$ cat entry_26.tsv   # TSV, C-alpha atoms
chain	number	residue	atom	x	y	z
A	1	MET	CA	33.15	59.23	-36.43
A	2	ASP	CA	33.67	60.52	-39.97
A	3	ALA	CA	33.24	64.17	-40.99
A	4	GLU	CA	29.82	63.61	-42.53
A	5	GLU	CA	28.45	61.88	-39.48
A	6	ARG	CA	29.90	64.56	-37.22
A	7	GLU	CA	28.26	67.30	-39.27
A	8	GLU	CA	24.96	65.45	-39.11
A	9	ARG	CA	25.19	65.17	-35.33
A	10	GLU	CA	26.14	68.84	-34.94
A	11	HIS	CA	23.17	69.85	-37.06
A	12	GLU	CA	20.85	67.67	-35.03
A	13	LEU	CA	22.21	69.13	-31.79
A	14	CYS	CA	21.81	72.74	-32.91
A	15	HIS	CA	18.37	72.30	-34.41
A	16	THR	CA	16.41	69.39	-32.99
A	17	TYR	CA	17.73	69.61	-29.47
A	18	ILE	CA	17.52	73.32	-28.67
A	19	PRO	CA	13.75	73.33	-28.02
A	20	LYS	CA	13.93	69.91	-26.37
A	21	LEU	CA	16.71	70.95	-24.03
A	22	ARG	CA	14.92	74.16	-23.19
A	23	THR	CA	11.87	72.16	-22.20
A	24	PHE	CA	13.95	69.60	-20.31
A	25	VAL	CA	15.75	72.31	-18.33
A	26	GLU	CA	12.62	74.37	-17.70
A	27	MET	CA	10.68	71.35	-16.54
A	28	ASN	CA	13.28	69.67	-14.44
A	29	PHE	CA	15.93	72.11	-13.28
A	30	ARG	CA	14.28	75.33	-12.26
A	31	GLY	CA	16.28	75.78	-9.13
A	32	THR	CA	19.59	76.65	-10.77
A	33	GLY	CA	18.87	80.38	-10.69
A	34	GLU	CA	20.25	80.77	-14.21
A	35	ASP	CA	18.60	81.71	-17.46
A	36	THR	CA	17.35	78.65	-19.34
A	37	ASP	CA	18.98	79.69	-22.61
A	38	ASP	CA	22.32	80.25	-20.90
A	39	ILE	CA	22.10	76.73	-19.54
A	40	VAL	CA	21.10	75.29	-22.90
A	41	GLN	CA	23.95	77.12	-24.55
A	42	ALA	CA	26.46	75.78	-22.04
A	43	ILE	CA	25.11	72.26	-22.57
A	44	LEU	CA	25.40	72.60	-26.34
A	45	GLU	CA	28.90	74.00	-26.09
A	46	LYS	CA	29.94	70.99	-24.05
A	47	ALA	CA	28.22	68.63	-26.47
A	48	LEU	CA	29.72	70.28	-29.57
A	49	PHE	CA	33.23	70.28	-28.18
A	50	ARG	CA	32.93	66.63	-27.19
A	51	ILE	CA	31.17	65.46	-30.31
A	52	ASN	CA	34.13	63.29	-31.30
A	53	PHE	CA	33.67	61.31	-28.10
A	54	TYR	CA	30.06	60.49	-28.89
A	55	ASP	CA	29.63	56.74	-28.88
A	56	SER	CA	27.14	55.82	-31.59
A	57	ARG	CA	26.25	52.60	-29.78
A	58	TYR	CA	24.02	54.82	-27.67
A	59	SER	CA	21.31	57.16	-28.90
A	60	LEU	CA	22.20	60.81	-29.33
A	61	ALA	CA	19.35	61.61	-26.94
A	62	THR	CA	20.95	59.58	-24.14
A	63	TRP	CA	24.28	61.30	-24.71
A	64	VAL	CA	22.87	64.84	-24.86
A	65	TYR	CA	20.55	64.43	-21.91
A	66	SER	CA	23.40	62.93	-19.88
A	67	ILE	CA	25.46	66.05	-20.52
A	68	ALA	CA	22.44	68.22	-19.74
A	69	ALA	CA	21.56	66.45	-16.51
A	70	ASN	CA	25.18	66.46	-15.32
A	71	HIS	CA	25.53	70.13	-16.11
A	72	CYS	CA	22.32	71.04	-14.28
A	73	ARG	CA	23.19	68.87	-11.29
A	74	ASP	CA	26.56	70.66	-11.09
A	75	LEU	CA	24.80	74.02	-11.15
A	76	LEU	CA	22.46	72.95	-8.39
A	77	ARG	CA	25.33	71.57	-6.30
A	78	ARG	CA	27.34	74.75	-6.75
A	79	ARG	CA	24.37	76.82	-5.70
A	80	ARG	CA	23.79	74.68	-2.66
A	81	ARG	CA	27.46	74.97	-1.70
A	82	ARG	CA	27.19	78.74	-1.89
A	83	GLY	CA	24.31	78.44	0.51
A	84	GLU	CA	21.86	80.11	-1.81
A	85	ARG	CA	18.22	79.49	-1.23
A	86	MET	CA	16.65	77.32	-3.89
A	87	GLU	CA	13.63	78.75	-5.62
A	88	PRO	CA	10.57	76.86	-4.50
A	89	LEU	CA	8.52	75.33	-7.25
A	90	GLU	CA	5.35	77.16	-7.97
A	91	ASN	CA	2.42	75.73	-6.21
A	92	PRO	CA	-0.45	76.96	-8.29
A	93	ASP	CA	-3.92	76.60	-6.94
A	94	LEU	CA	-5.61	73.88	-8.81
A	95	ALA	CA	-8.57	75.23	-10.69
A	96	PRO	CA	-11.99	73.95	-9.71
A	97	SER	CA	-13.11	71.06	-11.79
A	98	GLN	CA	-14.56	72.54	-14.90
A	99	TYR	CA	-12.96	70.09	-17.27
A	100	PRO	CA	-14.38	66.92	-18.76
A	101	GLY	CA	-14.06	63.74	-16.71
A	102	PRO	CA	-11.61	60.97	-17.60
A	103	GLU	CA	-14.08	59.18	-19.84
A	104	GLU	CA	-14.39	62.30	-21.94
A	105	LEU	CA	-10.69	62.97	-21.88
A	106	SER	CA	-9.54	64.65	-25.03
A	107	LEU	CA	-6.22	66.27	-25.80
A	108	SER	CA	-7.59	69.72	-25.42
A	109	GLU	CA	-5.72	72.77	-24.21
A	110	HIS	CA	-7.53	72.49	-20.87
A	111	ASP	CA	-6.23	68.98	-20.37
A	112	ARG	CA	-2.72	69.98	-21.26
A	113	THR	CA	-2.85	72.96	-18.91
A	114	ARG	CA	-4.04	70.75	-16.13
A	115	MET	CA	-1.42	68.10	-16.91
A	116	ARG	CA	1.28	70.77	-16.95
A	117	ARG	CA	0.27	71.82	-13.44
A	118	LEU	CA	0.31	68.24	-12.23
A	119	LEU	CA	3.74	67.61	-13.74
A	120	GLU	CA	5.03	70.69	-11.95
A	121	GLN	CA	3.93	69.22	-8.67
A	122	LEU	CA	5.83	65.98	-9.13
A	123	PRO	CA	9.10	65.51	-7.24
A	124	ASP	CA	12.03	66.43	-9.52
A	125	ARG	CA	13.31	62.91	-10.14
A	126	GLU	CA	9.87	61.57	-10.96
A	127	ARG	CA	9.32	64.41	-13.42
A	128	GLN	CA	12.66	63.71	-15.10
A	129	VAL	CA	11.83	60.03	-15.51
A	130	ILE	CA	8.43	60.90	-16.95
A	131	TYR	CA	10.01	63.29	-19.46
A	132	LEU	CA	12.71	60.86	-20.56
A	133	SER	CA	10.49	57.82	-20.56
A	134	ILE	CA	7.20	59.06	-21.97
A	135	TYR	CA	8.29	61.98	-24.12
A	136	GLU	CA	11.70	60.80	-25.31
A	137	GLU	CA	10.67	57.14	-25.14
A	138	LEU	CA	14.02	56.14	-23.69
A	139	GLY	CA	14.49	52.77	-22.03
A	140	PHE	CA	15.17	52.40	-18.32
A	141	ARG	CA	18.81	51.57	-18.94
A	142	GLU	CA	19.29	54.85	-20.83
A	143	ILE	CA	17.35	56.79	-18.20
A	144	SER	CA	19.47	55.31	-15.43
A	145	ARG	CA	22.60	56.38	-17.30
A	146	ILE	CA	21.31	59.96	-17.73
A	147	MET	CA	20.07	60.35	-14.19
A	148	ASP	CA	22.92	58.40	-12.64
A	149	ILE	CA	20.57	56.09	-10.75
A	150	PRO	CA	20.06	52.31	-10.77
A	151	VAL	CA	17.69	50.87	-13.38
A	152	GLY	CA	15.39	49.61	-10.63
A	153	THR	CA	15.10	53.10	-9.19
A	154	ALA	CA	14.19	54.52	-12.61
A	155	LYS	CA	11.41	51.93	-12.93
A	156	TYR	CA	10.18	52.66	-9.44
A	157	LEU	CA	10.17	56.42	-10.03
A	158	LYS	CA	8.14	56.05	-13.21
A	159	HIS	CA	5.62	53.81	-11.49
A	160	LYS	CA	5.38	56.23	-8.59
A	161	ALA	CA	5.02	59.26	-10.87
A	162	ARG	CA	2.26	57.71	-12.96
A	163	ALA	CA	0.35	56.72	-9.84
A	164	ARG	CA	0.79	60.19	-8.40
A	165	ILE	CA	-0.42	61.90	-11.58
A	166	ARG	CA	-3.42	59.59	-11.72
A	167	THR	CA	-4.34	60.33	-8.12
A	168	MET	CA	-3.95	64.09	-8.52
A	169	TRP	CA	-5.96	64.01	-11.73
A	170	ASP	CA	-8.78	62.05	-10.13
A	171	LYS	CA	-8.84	64.37	-7.13
A	172	GLU	CA	-9.30	67.32	-9.43
A	173	VAL	CA	-12.07	65.62	-11.29
A	174	GLU	CA	-13.86	64.83	-8.03
A	175	ARG	CA	-13.89	68.49	-6.98
B	176	MET	CA	-7.69	57.90	-16.04
B	177	ARG	CA	-7.40	56.96	-19.64
B	178	ASP	CA	-4.41	57.63	-21.90
B	179	LEU	CA	-2.19	59.14	-19.26
B	180	ASP	CA	0.95	58.60	-21.33
B	181	VAL	CA	-0.62	60.16	-24.41
B	182	LEU	CA	-1.68	63.21	-22.47
B	183	VAL	CA	1.74	63.61	-20.86
B	184	ARG	CA	3.44	63.27	-24.25
B	185	GLU	CA	1.09	65.76	-25.89
B	186	THR	CA	1.65	68.23	-23.06
B	187	ILE	CA	5.43	68.06	-23.32
B	188	GLU	CA	5.28	68.15	-27.13
B	189	ASP	CA	3.23	71.30	-26.80
B	190	ASP	CA	5.96	72.87	-24.64
B	191	VAL	CA	8.69	71.81	-27.06
B	192	LYS	CA	6.67	73.32	-29.91
B	193	THR	CA	6.39	76.60	-28.00
B	194	ASN	CA	10.12	76.55	-27.35
B	195	SER	CA	10.84	75.84	-31.04
B	196	ALA	CA	9.11	79.06	-31.98
B	197	LYS	CA	11.35	81.19	-29.76
B	198	PRO	CA	14.55	82.55	-31.25
B	199	PHE	CA	17.72	81.21	-29.76
B	200	PRO	CA	19.61	82.70	-28.17
B	201	HIS	CA	17.77	85.82	-27.15
B	202	ILE	CA	20.44	88.32	-28.06
B	203	SER	CA	19.95	91.61	-29.82
B	204	ALA	CA	19.97	91.74	-33.60
B	205	GLN	CA	23.24	93.67	-33.76
B	206	HIS	CA	25.05	90.61	-32.46
B	207	ARG	CA	23.85	88.46	-35.28
B	208	VAL	CA	26.52	89.39	-37.75
B	209	PRO	CA	26.18	87.01	-40.67
B	210	GLY	CA	29.34	85.06	-41.36
B	211	HIS	CA	31.85	86.83	-39.17
B	212	GLY	CA	32.42	88.96	-36.15
B	213	TRP	CA	35.12	90.54	-34.07
B	214	ILE	CA	35.94	89.95	-30.48
B	215	ASN	CA	38.08	92.38	-28.57
B	216	LEU	CA	40.54	90.52	-26.41
B	217	GLY	CA	40.66	93.36	-23.90
B	218	ARG	CA	36.92	93.05	-23.51
B	219	VAL	CA	37.21	89.30	-23.12
B	220	MET	CA	39.82	89.85	-20.44
B	221	ALA	CA	37.66	92.39	-18.63
B	222	ILE	CA	34.63	90.15	-18.62
B	223	ALA	CA	35.93	86.63	-18.43
B	224	GLY	CA	39.35	87.22	-16.92
B	225	ILE	CA	42.40	85.21	-17.78
B	226	ALA	CA	40.30	82.06	-18.20
B	227	GLY	CA	38.46	83.77	-21.05
B	228	LEU	CA	41.74	84.54	-22.75
B	229	PHE	CA	42.91	80.96	-22.43
B	230	TRP	CA	39.62	79.87	-23.87
B	231	ILE	CA	39.97	82.16	-26.87
B	232	SER	CA	43.64	81.20	-27.27
B	233	SER	CA	42.71	77.55	-27.44
B	234	LEU	CA	40.36	78.39	-30.28
B	235	VAL	CA	42.88	80.51	-32.13
B	236	GLN	CA	45.38	77.72	-32.53
B	237	GLY	CA	44.93	75.86	-35.77
B	238	PRO	CA	41.82	74.84	-37.65
B	239	HIS	CA	38.95	74.45	-35.28
B	240	PRO	CA	37.12	71.12	-35.16
B	241	LEU	CA	33.81	72.87	-35.66
B	242	GLY	CA	34.89	74.52	-38.87
B	243	LEU	CA	35.65	77.92	-37.42
B	244	VAL	CA	38.41	79.99	-38.95
B	245	ILE	CA	39.91	82.21	-36.31
B	246	GLU	CA	42.59	84.74	-37.11
B	247	LYS	CA	44.07	87.81	-35.53
B	248	ALA	CA	43.15	91.06	-37.24
B	249	ALA	CA	46.85	91.99	-37.28
B	250	PRO	CA	49.89	90.50	-35.53
B	251	THR	CA	49.80	93.15	-32.82
B	252	SER	CA	46.05	93.61	-32.73
B	253	THR	CA	43.96	92.81	-29.70
B	254	GLU	CA	41.12	91.77	-31.95
B	255	ILE	CA	40.57	88.41	-33.48
B	256	ARG	CA	38.31	87.68	-36.36
B	257	ILE	CA	36.08	84.69	-36.24
B	258	VAL	CA	34.75	83.42	-39.53
B	259	MET	CA	32.07	80.88	-39.27
B	260	GLU	CA	30.68	78.38	-41.66
B	261	LYS	CA	26.96	78.66	-42.17
B	262	SER	CA	26.41	75.39	-40.38
B	263	ALA	CA	28.14	76.72	-37.28
B	264	ASP	CA	25.81	79.62	-36.59
B	265	PHE	CA	25.22	78.40	-33.11
B	266	VAL	CA	28.90	78.53	-32.24
B	267	LYS	CA	29.20	82.05	-33.57
B	268	ILE	CA	26.43	83.17	-31.28
B	269	ALA	CA	27.86	81.16	-28.43
B	270	LEU	CA	31.17	82.96	-28.81
B	271	PHE	CA	29.49	86.32	-28.81
B	272	ARG	CA	27.46	85.53	-25.76
B	273	LYS	CA	30.39	84.00	-23.98
B	274	THR	CA	32.30	87.23	-24.23
B	275	GLU	CA	29.31	89.58	-24.22
B	276	PHE	CA	30.70	91.06	-27.37

$ encode --input "entry_26.tsv" --output "C-alpha coordinates"
Amino acid sequence: MDAEEREEREHELCHTYIPKLRTFVEMNFRGTGEDTDDIVQAILEKALFRINFYDSRYSLATWVYSIAANHCRDLLRRRRRRGERMEPLENPDLAPSQYPGPEELSLSEHDRTRMRRLLEQLPDRERQVIYLSIYEELGFREISRIMDIPVGTAKYLKHKARARIRTMWDKEVER
Amino acid sequence: MRDLDVLVRETIEDDVKTNSAKPFPHISAQHRVPGHGWINLGRVMAIAGIAGLFWISSLVQGPHPLGLVIEKAAPTSTEIRIVMEKSADFVKIALFRKTEF
(Lines of atoms letter the chains of each structure in order from A and count residues from 1; the text may use other names and numbers.)
(Lines give C-alpha, C1' and ligand atoms only; values in the text may rest on other atoms or scores of the structure.)
Protein backbone atom coordinates (compact mmCIF):
# COMPACT_ATOMS: atom_id res chain seq x y z
CA MET A 1 0.00 0.00 0.00
CA ASP A 2 1.50 3.37 -0.97
CA ALA A 3 1.47 6.43 1.29
CA GLU A 4 -1.41 8.08 -0.53
CA GLU A 5 -3.61 5.03 -0.31
CA ARG A 6 -2.74 4.57 3.35
CA GLU A 7 -3.68 8.17 4.11
CA GLU A 8 -6.96 7.71 2.29
CA ARG A 9 -7.77 4.60 4.30
CA GLU A 10 -6.83 6.28 7.59
CA HIS A 11 -9.08 9.21 6.75
CA GLU A 12 -11.93 6.89 5.88
CA LEU A 13 -11.45 4.97 9.14
CA CYS A 14 -11.42 8.09 11.30
CA HIS A 15 -14.34 9.78 9.61
CA THR A 16 -16.70 7.41 7.85
CA TYR A 17 -16.37 4.54 10.27
CA ILE A 18 -16.67 6.20 13.67
CA PRO A 19 -20.47 6.60 13.54
CA LYS A 20 -20.85 3.24 11.80
CA LEU A 21 -18.78 1.42 14.38
CA ARG A 22 -20.62 3.13 17.20
CA THR A 23 -23.89 1.89 15.76
CA PHE A 24 -22.49 -1.58 15.11
CA VAL A 25 -21.19 -1.89 18.68
CA GLU A 26 -24.31 -0.40 20.27
CA MET A 27 -26.59 -2.64 18.27
CA ASN A 28 -24.71 -5.87 18.51
CA PHE A 29 -22.39 -5.91 21.50
CA ARG A 30 -24.14 -4.37 24.45
CA GLY A 31 -23.05 -6.96 26.91
CA THR A 32 -19.39 -5.96 27.09
CA GLY A 33 -19.98 -3.62 30.02
CA GLU A 34 -17.69 -1.02 28.46
CA ASP A 35 -18.38 2.42 27.09
CA THR A 36 -19.17 2.32 23.37
CA ASP A 37 -16.68 5.06 22.50
CA ASP A 38 -13.91 3.30 24.41
CA ILE A 39 -14.61 0.19 22.37
CA VAL A 40 -14.72 2.14 19.11
CA GLN A 41 -11.46 3.82 19.99
CA ALA A 42 -9.77 0.52 20.74
CA ILE A 43 -11.04 -0.87 17.43
CA LEU A 44 -9.73 2.14 15.53
CA GLU A 45 -6.39 1.97 17.27
CA LYS A 46 -6.04 -1.64 16.21
CA ALA A 47 -7.12 -0.81 12.67
CA LEU A 48 -4.79 2.20 12.38
CA PHE A 49 -1.79 0.32 13.67
CA ARG A 50 -2.46 -2.57 11.30
CA ILE A 51 -3.35 -0.47 8.29
CA ASN A 52 -0.31 -1.71 6.39
CA PHE A 53 -1.68 -5.24 6.61
CA TYR A 54 -4.97 -4.28 5.00
CA ASP A 55 -5.51 -6.44 1.95
CA SER A 56 -7.20 -4.33 -0.71
CA ARG A 57 -8.66 -7.44 -2.34
CA TYR A 58 -11.30 -7.19 0.36
CA SER A 59 -13.50 -4.22 1.15
CA LEU A 60 -12.40 -1.90 3.92
CA ALA A 61 -15.76 -2.58 5.57
CA THR A 62 -15.04 -6.31 5.82
CA TRP A 63 -11.63 -5.62 7.31
CA VAL A 64 -12.83 -3.06 9.85
CA TYR A 65 -15.88 -5.02 10.94
CA SER A 66 -13.73 -8.14 11.32
CA ILE A 67 -11.47 -6.25 13.71
CA ALA A 68 -14.51 -4.84 15.49
CA ALA A 69 -16.29 -8.17 15.85
CA ASN A 70 -13.13 -9.92 17.06
CA HIS A 71 -12.45 -7.19 19.57
CA CYS A 72 -16.00 -7.29 20.93
CA ARG A 73 -16.05 -11.09 21.07
CA ASP A 74 -12.80 -10.96 23.08
CA LEU A 75 -14.36 -8.48 25.49
CA LEU A 76 -17.39 -10.68 25.93
CA ARG A 77 -15.24 -13.78 26.44
CA ARG A 78 -13.08 -12.00 28.99
CA ARG A 79 -16.15 -10.86 30.85
CA ARG A 80 -17.60 -14.33 30.84
CA ARG A 81 -14.32 -15.75 32.14
CA ARG A 82 -14.40 -13.28 35.00
CA GLY A 83 -17.83 -14.62 35.78
CA GLU A 84 -19.51 -11.27 35.41
CA ARG A 85 -23.19 -11.23 34.76
CA MET A 86 -24.06 -10.13 31.26
CA GLU A 87 -26.45 -7.24 30.98
CA PRO A 88 -29.76 -8.52 29.70
CA LEU A 89 -31.04 -6.85 26.59
CA GLU A 90 -33.83 -4.45 27.20
CA ASN A 91 -37.18 -5.97 26.69
CA PRO A 92 -39.34 -2.97 26.06
CA ASP A 93 -43.05 -3.40 26.09
CA LEU A 94 -44.26 -3.21 22.59
CA ALA A 95 -46.56 -0.27 22.17
CA PRO A 96 -50.16 -0.98 21.25
CA SER A 97 -50.77 -0.86 17.57
CA GLN A 98 -51.28 2.75 16.73
CA TYR A 99 -49.18 2.71 13.60
CA PRO A 100 -50.25 2.27 10.01
CA GLY A 101 -50.60 -1.27 8.71
CA PRO A 102 -48.10 -2.83 6.31
CA GLU A 103 -49.93 -1.62 3.23
CA GLU A 104 -49.56 1.94 4.45
CA LEU A 105 -46.00 1.42 5.53
CA SER A 106 -43.98 4.57 5.18
CA LEU A 107 -40.52 5.35 6.48
CA SER A 108 -41.83 7.45 9.27
CA GLU A 109 -40.25 7.92 12.67
CA HIS A 110 -42.91 5.63 14.16
CA ASP A 111 -41.91 2.84 11.82
CA ARG A 112 -38.26 3.29 12.58
CA THR A 113 -38.92 3.31 16.32
CA ARG A 114 -40.88 0.14 16.02
CA MET A 115 -38.24 -1.47 13.80
CA ARG A 116 -35.55 -0.47 16.28
CA ARG A 117 -37.42 -2.29 19.03
CA LEU A 118 -37.83 -5.37 16.89
CA LEU A 119 -34.15 -5.40 15.97
CA GLU A 120 -33.29 -5.22 19.66
CA GLN A 121 -35.28 -8.36 20.26
CA LEU A 122 -33.43 -10.40 17.65
CA PRO A 123 -30.81 -12.89 18.83
CA ASP A 124 -27.35 -11.28 18.63
CA ARG A 125 -26.06 -13.22 15.63
CA GLU A 126 -29.20 -12.59 13.61
CA ARG A 127 -28.96 -8.87 14.36
CA GLN A 128 -25.32 -8.80 13.28
CA VAL A 129 -26.14 -10.49 9.98
CA ILE A 130 -28.99 -8.08 9.37
CA TYR A 131 -26.72 -5.10 10.03
CA LEU A 132 -23.90 -6.34 7.81
CA SER A 133 -26.13 -7.65 5.07
CA ILE A 134 -28.88 -5.06 4.79
CA TYR A 135 -27.16 -1.91 6.02
CA GLU A 136 -23.59 -2.51 4.84
CA GLU A 137 -24.75 -4.60 1.87
CA LEU A 138 -21.95 -7.10 2.38
CA GLY A 139 -22.06 -10.50 0.72
CA PHE A 140 -22.41 -13.72 2.70
CA ARG A 141 -18.77 -14.60 2.17
CA GLU A 142 -17.70 -11.30 3.75
CA ILE A 143 -20.20 -11.69 6.57
CA SER A 144 -18.97 -15.19 7.31
CA ARG A 145 -15.41 -13.85 7.49
CA ILE A 146 -16.41 -11.07 9.91
CA MET A 147 -18.55 -13.25 12.13
CA ASP A 148 -16.29 -16.27 11.88
CA ILE A 149 -19.13 -18.56 10.82
CA PRO A 150 -19.75 -20.69 7.72
CA VAL A 151 -21.37 -19.00 4.71
CA GLY A 152 -24.37 -21.32 5.00
CA THR A 153 -24.92 -20.26 8.59
CA ALA A 154 -24.83 -16.58 7.60
CA LYS A 155 -27.50 -17.24 4.96
CA TYR A 156 -29.61 -19.18 7.42
CA LEU A 157 -29.33 -16.46 10.09
CA LYS A 158 -30.44 -13.78 7.65
CA HIS A 159 -33.40 -15.85 6.52
CA LYS A 160 -34.34 -16.55 10.12
CA ALA A 161 -33.96 -12.91 11.15
CA ARG A 162 -36.11 -11.60 8.32
CA ALA A 163 -38.82 -14.12 9.09
CA ARG A 164 -38.67 -13.24 12.77
CA ILE A 165 -38.93 -9.51 12.10
CA ARG A 166 -41.84 -10.07 9.77
CA THR A 167 -43.68 -12.17 12.35
CA MET A 168 -43.07 -9.70 15.17
CA TRP A 169 -44.14 -6.82 12.95
CA ASP A 170 -47.35 -8.56 11.93
CA LYS A 171 -48.15 -9.44 15.54
CA GLU A 172 -47.86 -5.81 16.49
CA VAL A 173 -50.08 -4.75 13.65
CA GLU A 174 -52.72 -7.30 14.69
CA ARG A 175 -52.91 -5.90 18.23
CA MET B 1 -44.84 -6.78 5.31
CA ARG B 2 -43.63 -4.66 2.49
CA ASP B 3 -40.13 -3.24 2.11
CA LEU B 4 -38.65 -4.88 5.16
CA ASP B 5 -35.08 -4.35 3.95
CA VAL B 6 -35.71 -0.70 3.17
CA LEU B 7 -37.16 -0.09 6.60
CA VAL B 8 -34.29 -1.89 8.33
CA ARG B 9 -31.74 0.10 6.31
CA GLU B 10 -33.48 3.40 7.02
CA THR B 11 -33.63 2.59 10.73
CA ILE B 12 -29.92 1.80 10.95
CA GLU B 13 -29.04 4.80 8.77
CA ASP B 14 -30.99 6.92 11.20
CA ASP B 15 -28.89 5.57 14.10
CA VAL B 16 -25.65 6.14 12.20
CA LYS B 17 -26.77 9.70 11.46
CA THR B 18 -27.45 10.27 15.16
CA ASN B 19 -24.04 8.87 16.01
CA SER B 20 -22.38 11.10 13.38
CA ALA B 21 -23.68 14.16 15.16
CA LYS B 22 -22.06 13.21 18.48
CA PRO B 23 -18.53 14.42 19.13
CA PHE B 24 -15.92 11.73 19.36
CA PRO B 25 -14.48 10.97 21.74
CA HIS B 26 -16.42 12.50 24.58
CA ILE B 27 -13.53 14.06 26.41
CA SER B 28 -13.41 17.50 27.94
CA ALA B 29 -12.37 20.46 25.83
CA GLN B 30 -9.12 20.97 27.73
CA HIS B 31 -7.82 17.71 26.29
CA ARG B 32 -8.29 18.86 22.76
CA VAL B 33 -5.02 20.68 22.42
CA PRO B 34 -4.64 21.56 18.76
CA GLY B 35 -1.48 20.18 17.23
CA HIS B 36 0.40 18.97 20.27
CA GLY B 37 0.21 17.81 23.81
CA TRP B 38 2.30 16.54 26.66
CA ILE B 39 2.10 13.25 28.41
CA ASN B 40 3.73 12.75 31.76
CA LEU B 41 5.45 9.40 31.87
CA GLY B 42 4.98 9.16 35.63
CA ARG B 43 1.27 9.56 35.10
CA VAL B 44 1.31 6.94 32.37
CA MET B 45 3.12 4.60 34.74
CA ALA B 46 0.64 5.25 37.53
CA ILE B 47 -2.35 4.61 35.33
CA ALA B 48 -1.26 2.04 32.81
CA GLY B 49 1.64 0.44 34.64
CA ILE B 50 4.73 -0.83 32.94
CA ALA B 51 2.72 -1.90 29.89
CA GLY B 52 1.78 1.73 29.34
CA LEU B 53 5.41 2.73 29.40
CA PHE B 54 6.33 0.06 26.90
CA TRP B 55 3.53 1.28 24.73
CA ILE B 56 4.74 4.86 24.85
CA SER B 57 8.35 3.73 24.35
CA SER B 58 7.38 1.89 21.21
CA LEU B 59 5.91 5.12 19.89
CA VAL B 60 8.91 7.21 20.85
CA GLN B 61 11.34 5.26 18.73
CA GLY B 62 11.71 6.71 15.28
CA PRO B 63 9.19 8.28 12.94
CA HIS B 64 5.78 6.90 13.63
CA PRO B 65 3.87 5.24 10.78
CA LEU B 66 0.88 7.44 11.44
CA GLY B 67 2.84 10.64 11.03
CA LEU B 68 3.29 11.40 14.70
CA VAL B 69 6.43 13.16 15.83
CA ILE B 70 7.23 12.12 19.35
CA GLU B 71 10.11 13.62 21.26
CA LYS B 72 11.22 13.91 24.85
CA ALA B 73 10.90 17.39 26.32
CA ALA B 74 14.49 17.11 27.55
CA PRO B 75 16.90 14.16 27.80
CA THR B 76 16.17 13.70 31.49
CA SER B 77 12.55 14.79 31.39
CA THR B 78 9.70 12.48 32.24
CA GLU B 79 7.54 14.24 29.71
CA ILE B 80 7.31 13.53 26.05
CA ARG B 81 5.89 15.83 23.47
CA ILE B 82 3.61 14.46 20.85
CA VAL B 83 3.17 16.52 17.73
CA MET B 84 0.44 15.42 15.49
CA GLU B 85 -0.33 16.08 11.90
CA LYS B 86 -3.76 17.51 11.31
CA SER B 87 -4.89 14.31 9.68
CA ALA B 88 -4.02 12.33 12.79
CA ASP B 89 -6.35 14.09 15.20
CA PHE B 90 -7.89 10.84 16.18
CA VAL B 91 -4.58 9.39 17.29
CA LYS B 92 -3.82 12.45 19.36
CA ILE B 93 -7.07 12.03 21.22
CA ALA B 94 -6.52 8.30 21.48
CA LEU B 95 -3.18 8.89 23.15
CA PHE B 96 -4.68 11.31 25.60
CA ARG B 97 -7.49 8.97 26.48
CA LYS B 98 -5.19 6.01 26.71
CA THR B 99 -3.18 7.69 29.40
CA GLU B 100 -5.98 9.80 30.87
CA PHE B 101 -3.75 12.77 30.40

$ residues_around --input "entry_26.tsv" --residues "range 73-80 of chain A" --least-positions-apart "5" --cutoff "10 Å" --atoms "all atoms listed in the file" --output "JSON, numbers by chain"
{"A": [29, 30, 31, 32, 33, 34, 39, 67, 68, 85, 86, 147]}

$ write_last_selection --input "entry_26.tsv" --atoms "C-alpha atoms" --output "PDB file, in the frame of the given file"
ATOM      1  CA  PHE A  29      15.930  72.110 -13.280  1.00  0.00           C
ATOM      2  CA  ARG A  30      14.280  75.330 -12.260  1.00  0.00           C
ATOM      3  CA  GLY A  31      16.280  75.780  -9.130  1.00  0.00           C
ATOM      4  CA  THR A  32      19.590  76.650 -10.770  1.00  0.00           C
ATOM      5  CA  GLY A  33      18.870  80.380 -10.690  1.00  0.00           C
ATOM      6  CA  GLU A  34      20.250  80.770 -14.210  1.00  0.00           C
ATOM      7  CA  ILE A  39      22.100  76.730 -19.540  1.00  0.00           C
ATOM      8  CA  ILE A  67      25.460  66.050 -20.520  1.00  0.00           C
ATOM      9  CA  ALA A  68      22.440  68.220 -19.740  1.00  0.00           C
ATOM     10  CA  ARG A  85      18.220  79.490  -1.230  1.00  0.00           C
ATOM     11  CA  MET A  86      16.650  77.320  -3.890  1.00  0.00           C
ATOM     12  CA  MET A 147      20.070  60.350 -14.190  1.00  0.00           C
TER      13      MET A 147
END

$ interface_residues --input "entry_26.tsv" --of "chain A" --to "chain B" --cutoff "7 Å" --atoms "all atoms listed in the file" --output "VMD selection string"
chain A and resid 14 19 to 20 22 to 23 37 41 102 107 112 115 to 116 134 to 135 166

$ residues_near_point --input "entry_26.tsv" --point "(21.8, 70.2, -34.4)" --cutoff "10 Å" --atoms "all atoms listed in the file" --output "PyMOL selection string"
(chain A and resi 7-18+44+48) or (chain B and resi 262-263+265)

$ atom_distance --input "entry_26.tsv" --atom1 "CA of Ser108 in chain A" --atom2 "CA of His159 in chain A"
24.9 Å

$ atom_distance --input "entry_26.tsv" --atom1 "CA of Phe49 in chain A" --atom2 "CA of Arg6 in chain A"
11.2 Å

$ atom_distance --input "entry_26.tsv" --atom1 "CA of Asp124 in chain A" --atom2 "CA of Arg141 in chain A"
18.9 Å

$ residues_around --input "entry_26.tsv" --residues "Arg127 in chain A" --least-positions-apart "3" --cutoff "10 Å" --atoms "only C-alpha atoms" --output "list in words"
Phe24, Met27, Asn28, Leu118, Leu119, Glu120, Gln121, Leu122, Pro123, Asp124, Ile130, Tyr131, Leu132, Ser133, Leu157, Lys158, Ala161 and Arg162 of chain A
